[in-house]
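Data block for protein-v7.csv (CSV, C-alpha atoms):
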chain,number,residue,atom,x,y,z
A,1,MET,CA,26.5,54.7,1.8
A,2,CYS,CA,25.6,58.2,2.9
A,3,ILE,CA,22.3,59.5,4.3
A,4,ASN,CA,21.3,63.0,5.2
A,5,MET,CA,19.2,63.2,8.4
A,6,GLN,CA,17.2,66.3,9.2
A,7,VAL,CA,14.2,67.4,11.1
A,8,ALA,CA,11.0,66.7,9.1
A,9,THR,CA,8.7,69.5,8.0
A,10,ALA,CA,5.0,69.5,7.3
A,11,ASP,CA,5.9,69.0,3.7
A,12,ASP,CA,7.4,65.6,4.6
A,13,ALA,CA,4.3,64.3,6.4
A,14,LEU,CA,2.6,62.6,3.5
A,15,GLY,CA,5.9,60.8,2.5
A,16,ILE,CA,6.5,59.7,6.1
A,17,ALA,CA,3.0,58.3,6.3
A,18,ALA,CA,3.5,56.4,3.1
A,19,LEU,CA,6.9,55.0,4.2
A,20,ARG,CA,5.5,53.9,7.6
A,21,SER,CA,2.4,52.3,5.9
A,22,ALA,CA,4.6,50.5,3.4
A,23,VAL,CA,6.7,49.0,6.2
A,24,ALA,CA,3.6,48.0,8.1
A,25,ALA,CA,2.1,46.4,5.0
A,26,LYS,CA,5.4,44.4,4.3
A,27,LEU,CA,5.5,43.2,7.9
A,28,THR,CA,1.8,42.2,7.9
A,29,ALA,CA,2.3,40.3,4.5
A,30,GLN,CA,5.3,38.5,5.9
A,31,TYR,CA,4.2,37.8,9.5
A,32,GLY,CA,0.5,38.3,9.7
A,33,LYS,CA,-1.6,40.9,11.5
A,34,GLY,CA,-0.1,42.3,14.7
A,35,PRO,CA,0.6,45.5,16.5
A,36,TRP,CA,2.9,46.5,13.7
A,37,SER,CA,0.1,46.4,11.2
A,38,GLY,CA,-1.2,50.0,11.7
A,39,VAL,CA,-1.6,52.3,8.7
A,40,SER,CA,-0.1,55.8,9.1
A,41,THR,CA,-1.8,59.0,7.9
A,42,GLU,CA,-0.6,62.5,7.1
A,43,LYS,CA,-2.7,63.8,10.0
A,44,GLY,CA,-1.1,61.3,12.4
A,45,VAL,CA,2.4,62.3,11.3
A,46,LEU,CA,1.6,66.0,11.8
A,47,PHE,CA,0.4,65.1,15.3
A,48,ASP,CA,3.7,63.3,15.9
A,49,MET,CA,5.5,66.5,14.8
A,50,ARG,CA,3.7,68.5,17.4
A,51,GLU,CA,4.4,66.0,20.2
A,52,SER,CA,7.9,65.0,19.4
A,53,ARG,CA,10.8,65.7,16.9
A,54,VAL,CA,10.4,63.7,13.7
A,55,TYR,CA,13.4,63.1,11.5
A,56,VAL,CA,13.7,62.0,7.9
A,57,ALA,CA,16.8,60.4,6.3
A,58,ARG,CA,17.3,61.0,2.6
A,59,GLN,CA,19.6,59.4,0.2
A,60,ARG,CA,20.1,62.0,-2.5
A,61,SER,CA,16.5,63.4,-2.6
A,62,SER,CA,14.7,60.1,-1.8
A,63,LEU,CA,13.1,59.6,1.6
A,64,VAL,CA,14.7,56.3,2.9
A,65,ALA,CA,13.9,56.3,6.7
A,66,THR,CA,12.1,58.2,9.4
A,67,LEU,CA,12.1,58.2,13.2
A,68,ARG,CA,10.8,60.1,16.2
A,69,LEU,CA,12.6,61.4,19.3
A,70,THR,CA,11.1,62.8,22.4
A,71,THR,CA,12.0,63.6,25.9
A,72,LYS,CA,8.4,62.9,27.1
A,73,LYS,CA,8.1,59.3,28.4
A,74,PRO,CA,5.7,57.3,26.2
A,75,TRP,CA,2.8,55.8,28.2
A,76,ALA,CA,3.7,52.2,27.2
A,77,ILE,CA,7.2,52.4,28.6
A,78,ASP,CA,7.8,51.3,32.2
A,79,CYS,CA,10.8,53.3,33.6
A,80,LYS,CA,11.5,50.8,36.4
A,81,TYR,CA,13.6,48.8,33.9
A,82,PHE,CA,15.9,51.6,32.9
A,83,THR,CA,19.0,53.1,34.5
A,84,PRO,CA,18.1,56.2,36.4
A,85,CYS,CA,19.2,59.4,34.6
A,86,LYS,CA,18.2,63.0,34.4
A,87,ARG,CA,17.7,63.5,30.6
A,88,PRO,CA,16.6,60.4,28.7
A,89,VAL,CA,15.5,60.6,25.1
A,90,TYR,CA,13.0,58.0,23.7
A,91,LEU,CA,13.4,56.7,20.2
A,92,LEU,CA,10.0,56.0,18.6
A,93,SER,CA,8.6,54.8,15.3
A,94,MET,CA,11.8,54.1,13.4
A,95,ALA,CA,11.2,52.8,9.9
A,96,VAL,CA,13.3,52.1,6.8
A,97,ALA,CA,11.8,51.9,3.3
A,98,PRO,CA,11.0,48.2,2.7
A,99,ASP,CA,13.1,48.0,-0.5
A,100,LEU,CA,16.1,49.4,1.3
A,101,GLN,CA,16.1,47.4,4.4
A,102,ARG,CA,19.2,45.3,5.4
A,103,GLN,CA,21.5,47.7,3.6
A,104,GLY,CA,22.8,49.5,6.7
A,105,ILE,CA,20.5,52.5,6.6
A,106,GLY,CA,19.0,51.7,10.0
A,107,ARG,CA,22.4,51.5,11.5
A,108,LEU,CA,23.4,54.8,9.9
A,109,CYS,CA,20.3,56.4,11.3
A,110,LEU,CA,21.1,55.2,14.8
A,111,GLY,CA,24.6,56.7,14.5
A,112,GLU,CA,22.9,60.0,13.7
A,113,VAL,CA,20.5,59.6,16.6
A,114,LYS,CA,23.4,59.2,19.0
A,115,GLU,CA,25.0,62.4,17.8
A,116,ILE,CA,21.6,64.3,17.9
A,117,CYS,CA,21.0,63.0,21.5
A,118,ARG,CA,24.5,64.0,22.7
A,119,GLN,CA,23.8,67.5,21.4
A,120,TRP,CA,20.3,67.6,22.8
A,121,PRO,CA,21.9,66.9,25.5
A,122,ALA,CA,20.7,63.6,26.7
A,123,ASP,CA,22.1,61.0,29.2
A,124,ALA,CA,20.5,57.9,27.5
A,125,ILE,CA,18.5,56.7,24.5
A,126,ARG,CA,15.6,54.4,25.5
A,127,LEU,CA,13.2,52.4,23.3
A,128,ASP,CA,11.1,49.3,23.1
A,129,ALA,CA,10.9,46.8,20.3
A,130,TYR,CA,8.8,43.7,19.6
A,131,ASP,CA,10.5,40.4,20.2
A,132,ALA,CA,8.7,38.7,17.5
A,133,PRO,CA,9.6,37.8,13.9
A,134,ALA,CA,8.1,41.2,12.8
A,135,GLY,CA,10.0,43.1,15.5
A,136,ALA,CA,13.3,44.8,15.6
A,137,ALA,CA,14.6,43.5,19.0
A,138,GLN,CA,17.5,41.6,17.4
A,139,PHE,CA,18.5,44.7,15.3
A,140,TYR,CA,18.7,47.0,18.3
A,141,GLY,CA,20.7,44.4,20.2
A,142,LYS,CA,23.2,44.2,17.4
A,143,CYS,CA,23.5,48.1,17.4
A,144,ASP,CA,24.9,48.3,20.9
A,145,PHE,CA,21.6,48.8,22.7
A,146,ARG,CA,21.5,46.9,26.0
A,147,GLU,CA,18.4,44.9,26.9
A,148,VAL,CA,17.1,46.1,30.3
A,149,GLY,CA,13.7,44.4,30.6
A,150,ARG,CA,10.8,42.6,29.0
A,151,ALA,CA,7.0,43.1,29.0
A,152,SER,CA,4.0,42.1,26.8
A,153,TYR,CA,2.0,44.5,24.6
A,154,ARG,CA,-1.2,43.2,22.9
A,155,GLY,CA,0.0,39.7,23.5
A,156,CYS,CA,3.3,40.3,21.8
A,157,PRO,CA,6.6,40.1,23.7
A,158,LEU,CA,8.3,43.5,24.0
A,159,VAL,CA,11.9,44.2,24.9
A,160,TYR,CA,13.1,47.5,26.5
A,161,PHE,CA,16.5,48.7,25.4
A,162,GLU,CA,18.8,51.6,26.4
A,163,MET,CA,22.1,53.1,25.4
A,164,LEU,CA,23.8,55.3,28.0
A,165,LEU,CA,25.6,58.3,26.5

File written out as structure tokens:
Amino acid sequence: MCINMQVATADDALGIAALRSAVAAKLTAQYGKGPWSGVSTEKGVLFDMRESRVYVARQRSSLVATLRLTTKKPWAIDCKYFTPCKRPVYLLSMAVAPDLQRQGIGRLCLGEVKEICRQWPADAIRLDAYDAPAGAAQFYGKCDFREVGRASYRGCPLVYFEMLL
């Protein structure tokens, strides 16, 4: 399987919003309403593009995944759990199209993220994930991210992960 990951443009915003919303709808239908249930909008994606670097992954010409990277610490992340480093990058809002999940696309995206971050340059990749049936904590653990701490967000257990580069 091959994907092409590139920086998203404003022309991608509507497709990214639709993909993120489809993932949220699937998770809500499967696991009930939770912090993962938010609907994305084109306006919200365009805001994300101003505040961080948004990427899209395509297979042929179809949008199959999206994610955000930023060097600015998100407000919800508590750095006391992480290994001190000078240039961390935070992975935010990763989503794979619902009908293409569990086919290795997420793992391929993370491989691309590692290369992007090494070129940035970055010392570490940090993220948080819900430790709930609708969350991705187990996925990141299987993808060589190391659990460094736990917290709670909106009553849902959250796991902090990092990968040192």

Could you check how far CA of Gly104 (chain A) sits from CA of Met163 (chain A), in Å to one decimal?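 Taking CA of Gly104 (chain A) as the start and CA of Met163 (chain A) as the end point, the length is 19.1 Å.
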
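The residue that comes closest to Leu110 (chain A), out of A:Ala76, A:Leu27, A:Val7, A:Arg68 and on the basis of only C-alpha atoms, is A:Arg68.
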
Residue nearest Gly34 (chain A) - candidates A:Pro88, A:Pro133, A:Pro121, A:Gly149, atoms counted: only C-alpha atoms: A:Pro133

So how far away is CA of Gly38 (chain A) from CA of Ile16 (chain A), in Å? 13.6 Å

Given the choices A:Arg60, A:Leu127, A:Asp78, A:Cys143, which gets closest to Leu108 (chain A) if the distance is worked out from all atoms listed in the file?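 Closest to Leu108 (chain A) of all the choices is A:Cys143.
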
Nearby residues, (8.3, 55.2, 5.5) file frame, 6 Å, all atoms listed in the file, as JSON, numbers by chain: {"A": [16, 18, 19, 20, 65, 95, 97]}

Keeping C-alpha atoms, export the residues of the selection given above as a PDB file, in the coordinates of the input.
ATOM      1  CA  ILE A  16       6.500  59.700   6.100  1.00  0.00           C
ATOM      2  CA  ALA A  18       3.500  56.400   3.100  1.00  0.00           C
ATOM      3  CA  LEU A  19       6.900  55.000   4.200  1.00  0.00           C
ATOM      4  CA  ARG A  20       5.500  53.900   7.600  1.00  0.00           C
ATOM      5  CA  ALA A  65      13.900  56.300   6.700  1.00  0.00           C
ATOM      6  CA  ALA A  95      11.200  52.800   9.900  1.00  0.00           C
ATOM      7  CA  ALA A  97      11.800  51.900   3.300  1.00  0.00           C
TER       8      ALA A  97
END

Selected residue of minimal separation from Asp123 (chain A) among A:Cys85, A:Ala137, A:Ala29, A:Leu91, counting only C-alpha atoms: A:Cys85

List the neighbours of Ile125 (chain A) out to 10 Å using all atoms listed in the file; skip same-chain residues closer than 2 positions along the sequence, and give me the result as a VMD selection string. chain A and resid 69 to 71 87 to 91 113 to 114 117 to 118 122 to 123 127 145 161 to 165

re CA of Ala8 (chain A) and CA of Ser21 (chain A): distance 17.1 Å

Given the choices A:Ile77, A:Ala134, A:Glu112, A:Met94, which gets closest to Tyr160 (chain A) if the distance is worked out from all atoms listed in the file? A:Ile77

Counting only C-alpha atoms, which of A:Ala129, A:Ala17, A:Val39, A:Ala57 gets nearest to Ile3 (chain A)? A:Ala57

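Neighbouring residues of Met1 (chain A) at 12 Å or closer, counting only C-alpha atoms and skipping chain neighbours under 5 positions away, are Arg58, Gln59, Arg60, Val64, Leu100, Gln103, Gly104, Ile105, Gly106, Arg107, Leu108 and Cys109 of chain A.
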
Mind checking which residues fall within 10 Å of Pro35 (chain A), counting all atoms listed in the file, ignoring those fewer than 3 positions away in the same chain, and posting them as a list in words? Ala24, Thr28, Gly32, Gly38, Tyr130, Ala134, Gly135, Tyr153, Arg154, Gly155 and Cys156 of chain A

Preceding selection exported with C-alpha atoms as a short mmCIF file (atom, residue, chain, number, x, y, z; two decimals), in the frame of the given file:
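To be explicit, this is the file written out as selection-v6.cif:
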data_model
loop_
_atom_site.label_atom_id
_atom_site.label_comp_id
_atom_site.auth_asym_id
_atom_site.auth_seq_id
_atom_site.Cartn_x
_atom_site.Cartn_y
_atom_site.Cartn_z
CA ALA A 24 3.60 48.00 8.10
CA THR A 28 1.80 42.20 7.90
CA GLY A 32 0.50 38.30 9.70
CA GLY A 38 -1.20 50.00 11.70
CA TYR A 130 8.80 43.70 19.60
CA ALA A 134 8.10 41.20 12.80
CA GLY A 135 10.00 43.10 15.50
CA TYR A 153 2.00 44.50 24.60
CA ARG A 154 -1.20 43.20 22.90
CA GLY A 155 0.00 39.70 23.50
CA CYS A 156 3.30 40.30 21.80
#
